[in-house]
Amino acid sequence: MLFTSYEFLAFLAVVFLLYYILPKKTQWVTLLVASYVFYALAGVEYLAFIAVTTVSSFIATMLMGRVSSRENRYLEQNRSELSKDEIKAYRAKAKGRRFLILCLALLLNFGILAVLKYTAFAVVNVNSWLHAFGAETELTIPSLLLPLGISFYTFQTMGYLIDAYRGKAEIERNPFKLALFVSFFPQLIQGPISRFKDLGAQLTAPHAFARKNFTYGIQRIIWGYFKKLVVADRVLVAINAMIEAPEEFKGFYVFLLIILYSVQIYADFTGGIDITIGIAEALGIRLTENFNRPFSSRSTKEYWNRWHITMGSWFTDYIFYPLSVCRPMAKLTKGCRKIFGKNIGKRIPVYLATVITWFLTGLWHGAGWNFIVWGLLNCLVILVSRELEPLYAKFENKFPRLHASYAYGVFMSVRTFLLMGLIRSLDCYRDVPLTFRMWGSMFTSFNLPEVFGGGIEALGLGLADYIIIALGCVVMFAVSKAGKERSVREQLYDRPVLSWLCFGALFIAIILFGAYSVGYDASQFIYNQF
Amino acid sequence: MKKFLALLLCLMMAFCLVACENKKNNNNNDDDDGEGGGASKKSSVSFYVNYNSVKIELGADAKAVLSALGTPKRTDDQGECGGLGRVTKYVYASLELFTLNNGKTETVDGIKLLDDAVKCPEGVGIGSASADVLKACGSNPTNKSDTGITYTSGSKNLIFSLRDGAVSGIEYKVISTKK
Amino acid sequence: MKKRIIISVAALLVICVLLSLLQMLVMPKYTDNKEGALVSEYYDEAGDHDLIFVGDCEVYESFVPAYLWEKYGISSYVRGSAQQLVWQSYYLLEETLRYETPKAVVFNVMALKYGEPQREAYNRMTLDGMRWSTSKVGAIRASMTEEESFVEYVFPLLRFHSRITELTPDDFRYAFRDNKVSHSGYLMQTGVKPQTDFSEGRAEVDYTIDENAWKYLDMMRELCDDKGIELILVKAPTNSWMYWWHDEWEAQVDSYAERHGLSYYNFIPLADEMGIDWSTDTYDAGAHLNVYGAEKLTEYFGQILTEKHGLADRSAEAELAKSWDARLEKYYEERNK
């Protein structure tokens with residue numbers, strides 16, 4: 001069920017009704033049933049996969065819990081008889097057992113994800129290598145199901161497993177409550193990737209109907225649909241025209257694509273997250289924010305602290321930090337310091353961990369070299385920026401007033417916006433050599449007169465569409481600015497007439513200007529494929 | 001431990017095999033415009049003919065084709081009800097070309113062969129035996145009766161009309177709506 | 001709290017009114033392709049017709065109720081629409097019979113070639129004009145293509161909202177009133193474009209008339225039987241290569257008519273007899289008749305209706321004659337322009 005389908009709206013209305021009509025202690029059951037119905041409507045065959053993740057995680061955490069309680073019981077009973085070394089050894093053994101259980105569960109779930117998502121990609125590459133070496137044989141590319149939201153729910157659940165192992169999350173002893181955490185329908189399609197300690201208890205706690213929460217939730221949902229239907233889906237028409245015939249749309253068109261795709265993905269992704277968070281809020285549940293005015297970022301590092309925040313923090317907490325401090329890395333650090341000296345030596349392991357993290361981040365986005373290159377380019381920019389930090393500091397000291405000026409701030413934001421947009425275009429063309437060729441054409445094909453002399457009409461949008469997109473961007477920017485200190489909804493809450501005016505206008509704008517229904521390609525949220 | 005690991009890996013593989021499905025041909029076939037219903041199978045026939053060194057392909061943009069073919073013997077155009085489009089018939093020596101103009105684009109909507117001077121790429125033409133058609137184009141057509149054999153791929157159709165076991169008419173036709 | 005409720009209710013009302021007004025604005029007015037305006041015009045004239053025509057473009061461009069009244073005193077209405085499918089004909093007939101009970105119903109058989117939903121645009125032209133009833137619900141459900149949603153028929157604003165950037169002066173002119181295009185359902189065409197191409201039509205994949213088409217024809221027949229109405233099948237005399245009536249279809253319809261004791265008139269071979277001249281009596285090279293051709297057909301058919309189907313001459317009924325006089329005046333006003 002698409003978020004933007006009538007069926008989903010009807011489904012949502014039923015869920016809200018049942019949630020608040022039925023007894024509070026059954027609310028979480030309502031959500032669980034709704035989530036599984038939602039998932040089943042995407043494909044009954046998918047249910048098996050999400051069930052396996054749930055069951056395996058439940059068993060793994062219960063087993064880890066059992067090991068922990070046995071450990072504690074044994075030590076409690078025998079502490080006086082055991083030496084310090086014996087206690088240490090026992091603890092290490094117990095930890096080892098827990099680690100083994102964790103690894104098996106991670107292997108199973110990440111293994112399933114890897115096989116379903118990356119087998120075809122692997123086979124295609126193997127075939128390329130075989131051809132390169134002159135082999136005539138070719139492996140058949142398997143056609144595998146890709147369960148809806150598998151990347152999101154797998155990562156979220158594995159995060160819970162790791163937190164449970166680390167003792168940072170309480171083990172959920174009710175398998176159905178855990179099932180709800182895994183399958184909670186608003187965030188199934190595109191996140192945010194929540195932590196069990198933040199979400200677990202909220203999902204299963206009773207929630208009385210609170211007018212404020214419900215109002216805020218509905219308002220946020222409306223805002224999300226506005227961004228998605230009025231702006232994102234409209235811009236997509238032009239983007240699709242350009243990427244379907246890249247050789248026809250070179251030069252300035254590539255620059256246009258960068259700008260439009262940035263607008264499109266922002267409106268689409270943040271719109272989807274707004275709908276997700278809005279639904280949760282209306283149910284009395286607070287989800288983690290996933291975006292924080294990302295286009296105001298002045299550096300790539302800052303950008304990744306503001307864009308897809310939960311994904312970034314997941315990779316940081318579960319990949320980057322463990323990699324950075326693991327024993328092999330510690331050994332590597334020691335070795336590098338010996339060979340290259342303290343300065344370079346300490347950098348290499350951190351940089352290696354960064355590269356691996358970004359490689360995996362790219363891979364998570366999709367089974368394709370374009371995604372991997374996307375990840376590595378982001379990594380490159382971050383590492384280069386880090387290396388240039390002393391230079392930046394010098395500049396800062398030499399021109400303090402310029403550095404602190406508003407204009408310079410705008411310059412840095414625009415620079416970051418364009419750089420991120422450039423790298424992001426790998427997602428559009430989906431082919432690395434083609435993308436690089438298109439980048440090159442921006443400097444070799446001067447076709448500005450052609451573009452504004454009528455060529456832009458070939459993109460499938462009329463003047464009215466561009467006006468609507470522009471106005472939509474203005475509204476998004478204005479709301480972002482207005483909500484910097486305090487959310488717009490909070491500011492409007494005590495002014496009901498103005499509140500109705502604003503959200504009524506948004507609602508009418510969605511109905512009137514939304515790119516939906518026959519004749520529009522009701523596109524999925526971009527991140528659905530992940 | 002190793003056994004447990006092996007069992008786990010087996011479980012994973014078995015599970016993933018469940019995920020295998022025969023993807024419907026729609027997604028793989030470039031010829032498809034959409035769901036062709038139960039009758040839509042991937043066909044082995046080509047949906048084009050070569051006429052006077054011009055490749056006329058079903059569904060292609062008509063402008064270039066018409067320009068290459070030159071002046072027809074005659075034309076006739078008729079509108080679709082409700083002003084939704086116009087179909088134009090261009091008559092040449094050995095074939096008729098039908099184009100659909102929906103107000104935005106003009107595409108090749110149909111090709112009707114008039115005599116055996118033009119043959120299908122598979123080598124059969126008007127006058128060929130029905131057995132030869134099945135041999136050349138495939139023994140599993142979408143539709144088969146005493147009066148006709150049809151090969152369908154998505155919205156593209158190749159229709160052989162038969163009379164007394166021989167081909168009496170050949171038509172390529174786009175049918176974007178169902179029966 | 002009370003103030004909030006009042007404001008909320010008022011705001012919701014304002015939004016609903018605004019959306020209703022916007023819906024009236026963006027609904028297509030069909031001033032260019034007038035076929036879309038036909039179905040809704042029936043309700044102004046509903047009642048006291050002895051003959052109802054149902055079917056596709058061949059029906060609303062071939063039979064002239066005004067002329068039928070003038071020549072034979074037969075009161076009729078054409079409930080036709082563009083590419084009207086047989087289940088749409090059934091539901092339109094079902095709805096019509098809530099307003100009146102004619103003596104006979106004429107169905108043009110060309111629509112039997114379609115057994116499944118076809119095009120959204122034609123669905124809209126036929127269904128949007130219907131008043132809400134169980135018949136409309138049935139027609140929508142039977143007609144919807146995969147891309148359509150029922151809710152978009154309930155709230156057409158959801159379907160036509162994209163027209164907000166394509167509005168024309170006619171959208172404002174006819175936002176609150178109808179644009180009358182037909183003469184008792186007949187869409188007049190006065191243009192002349194001779195038919196010069198008399199070649200056969202294009203081949204079909206399968207000439208078997210679909211089960212679903214027969215099903216709805218059966219339902220129409222049974223509905224007429226229940227109400228004591230005679231169902232008459234016809235095929236209009238037009239037979240261009242674009243809308244070719246294949247022999248295979250003819251055989252099946254003929255057989256059906258014989259099986260069920262229905263009268264079936266295929267006017268294609270009778271075109272000469274009724275005096276149709278394909279150089280002057282068609283406005284689109286033979287696909288459809290213009291008014292001159294339609295009058296000839298109507299005159300020919302009117303005689304059959306009078307002599308063989310007992311439809312009476314009611315021109316002596318003063319009140320009925322008064323309504324028809326007014327319609328005739330409008331008819332000739334356009335015809336003689």
# chains A, B, ... in the order shown; residues from 1 in each chain; ligands from 1
>>> closest_atom_pairs(of="chain A", to="chain B", cutoff="12 Å", atoms="only C-alpha atoms", output="CSV")
residue,atom,partner,partner_atom,distance
A:Gly43,CA,B:Ala19,CA,11.6
A:Val44,CA,B:Ala19,CA,11.8
A:Glu45,CA,B:Ala19,CA,8.2
A:Tyr46,CA,B:Ala19,CA,8.5
A:Leu47,CA,B:Ala19,CA,11.3
A:Ala48,CA,B:Phe15,CA,8.8
A:Phe49,CA,B:Phe15,CA,8.1
A:Ile50,CA,B:Phe15,CA,11.7
A:Ala51,CA,B:Phe15,CA,11.7
A:Val52,CA,B:Phe15,CA,9.2
A:Thr53,CA,B:Met12,CA,11.2
A:Ser56,CA,B:Leu8,CA,10.8
A:Arg97,CA,B:Met1,CA,11.3
A:Leu100,CA,B:Met1,CA,9.8
A:Ile101,CA,B:Leu5,CA,10.7
A:Cys103,CA,B:Leu5,CA,10.4
A:Leu104,CA,B:Leu5,CA,7.5
A:Ala105,CA,B:Leu8,CA,9.2
A:Leu106,CA,B:Leu8,CA,11.2
A:Leu107,CA,B:Leu9,CA,8.6
A:Leu108,CA,B:Met12,CA,6.3
A:Asn109,CA,B:Met12,CA,8.4
A:Phe110,CA,B:Met12,CA,10.0
A:Gly111,CA,B:Met12,CA,7.2
A:Ile112,CA,B:Met12,CA,6.2
A:Leu113,CA,B:Cys16,CA,9.2
A:Ala114,CA,B:Cys16,CA,10.1
A:Val115,CA,B:Cys16,CA,7.0
A:Leu116,CA,B:Cys16,CA,6.7
A:Lys117,CA,B:Cys16,CA,10.4
A:Tyr118,CA,B:Cys16,CA,11.9
A:Thr119,CA,B:Cys16,CA,10.4
A:Ala120,CA,B:Cys20,CA,11.5
A:Ile141,CA,B:Cys20,CA,11.0
A:Pro142,CA,B:Cys20,CA,7.2
A:Ser143,CA,B:Cys20,CA,5.7
A:Leu144,CA,B:Cys20,CA,4.4
A:Leu145,CA,B:Ala19,CA,4.8
A:Leu146,CA,B:Ala19,CA,7.6
A:Pro147,CA,B:Ala19,CA,8.7
A:Ala458,CA,B:Lys104,CA,11.8
A:Gly460,CA,B:Lys104,CA,11.3
>>> residues_around(residues="segment 68-74 of chain B", least_positions_apart="4", cutoff="10 Å", atoms="only C-alpha atoms", output="NGL selection string")
(:B and (51-56 or 62-64 or 89-93 or 96-97)) or (:C and (197))
>>> closest_atom_pairs(of="chain A", to="chain C", cutoff="8 Å", atoms="only C-alpha atoms", output="CSV")
residue,atom,partner,partner_atom,distance
A:Tyr6,CA,C:Val151,CA,7.8
A:Ala464,CA,C:Thr165,CA,6.3
A:Pro496,CA,C:Arg4,CA,6.8
A:Val497,CA,C:Ile7,CA,6.8
A:Trp500,CA,C:Ala11,CA,6.5
A:Leu501,CA,C:Ala11,CA,7.9
A:Gly504,CA,C:Ile15,CA,6.8
A:Ile508,CA,C:Leu19,CA,7.3
A:Ile511,CA,C:Leu158,CA,6.6
A:Leu512,CA,C:His161,CA,5.0
A:Phe513,CA,C:Ser162,CA,6.6
A:Gly514,CA,C:Ser162,CA,7.9
A:Ala515,CA,C:Ser162,CA,7.7
A:Ser517,CA,C:Arg159,CA,5.8
A:Val518,CA,C:Glu147,CA,6.4
>>> write_last_selection(atoms="C-alpha atoms", output="short mmCIF file (atom, residue, chain, number, x, y, z; two decimals), in the first residue's frame")
data_model
loop_
_atom_site.label_atom_id
_atom_site.label_comp_id
_atom_site.auth_asym_id
_atom_site.auth_seq_id
_atom_site.Cartn_x
_atom_site.Cartn_y
_atom_site.Cartn_z
CA TYR A 6 -6.68 6.12 -1.08
CA ALA A 464 2.31 26.28 -14.32
CA PRO A 496 -6.76 28.34 15.80
CA VAL A 497 -8.03 30.58 13.00
CA TRP A 500 -6.91 26.33 10.14
CA LEU A 501 -6.09 28.85 7.45
CA GLY A 504 -6.65 24.26 5.24
CA ILE A 508 -6.61 22.35 -0.63
CA ILE A 511 -6.07 18.23 -3.55
CA LEU A 512 -5.67 20.79 -6.29
CA PHE A 513 -2.00 20.69 -7.16
CA GLY A 514 -1.00 17.19 -6.06
CA ALA A 515 0.54 15.01 -8.77
CA SER A 517 -4.53 10.16 -9.97
CA VAL A 518 -4.84 9.04 -13.58
#
>>> interface_residues(of="chain C", to="chain B", cutoff="8 Å", atoms="only C-alpha atoms", output="ChimeraX atom specification")
/C:33-36,57,82-83,113-119,122,197,202-206,210,242,284-285,287
>>> atom_distance(atom1="atom CA of Phe411 of chain A", atom2="atom CA of Met438 of chain A")
24.5 Å
>>> select_by_dssp(residues="segment 221-252 of chain A", states="helix (DSSP H, G or I)", output="VMD selection string")
chain A and resid 221 to 244 252
>>> closest_residue(among="C:Lys235, C:Lys180, C:Arg98, C:Lys322", to="Trp249 of chain C", atoms="only C-alpha atoms")
C:Lys235
>>> residues_around(residues="Cys379 of chain A", least_positions_apart="6", cutoff="8 Å", atoms="only C-alpha atoms", output="MDAnalysis selection string")
chainID A and resid 354:355 358
>>> select_by_dssp(residues="segment 53-286 of chain C", states="strand (DSSP E or B)", output="PyMOL selection string")
chain C and resi 53-55+76-80+104-108+183+186+230-235+263-266+282
>>> residues_around(residues="Asp281 of chain C", least_positions_apart="5", cutoff="8 Å", atoms="only C-alpha atoms", output="VMD selection string")
chain C and resid 192 194 276 289 to 294
>>> write_last_selection(atoms="C-alpha atoms", output="JSON list (two decimals), in the first residue's frame")
[["chain", "number", "residue", "atom", "x", "y", "z"],
["C", 192, "VAL", "CA", -19.68, 16.82, -44.86],
["C", 194, "PRO", "CA", -17.20, 12.13, -48.12],
["C", 276, "ILE", "CA", -27.69, 7.11, -48.01],
["C", 289, "LEU", "CA", -23.52, 9.80, -40.33],
["C", 290, "ASN", "CA", -24.11, 13.52, -40.40],
["C", 291, "VAL", "CA", -27.59, 14.96, -39.90],
["C", 292, "TYR", "CA", -28.58, 14.37, -43.51],
["C", 293, "GLY", "CA", -27.69, 10.69, -43.31],
["C", 294, "ALA", "CA", -29.17, 10.35, -39.85]]
>>> closest_residue(among="A:Gly272, A:Leu498, A:Arg293, A:Ala482", to="Arg220 of chain A", atoms="only C-alpha atoms")
A:Gly272
>>> atom_distance(atom1="atom CA of Val17 of chain C", atom2="atom CA of Phe155 of chain C")
13.1 Å
>>> atom_distance(atom1="atom CA of Leu18 of chain A", atom2="atom CA of Ile189 of chain A")
22.4 Å
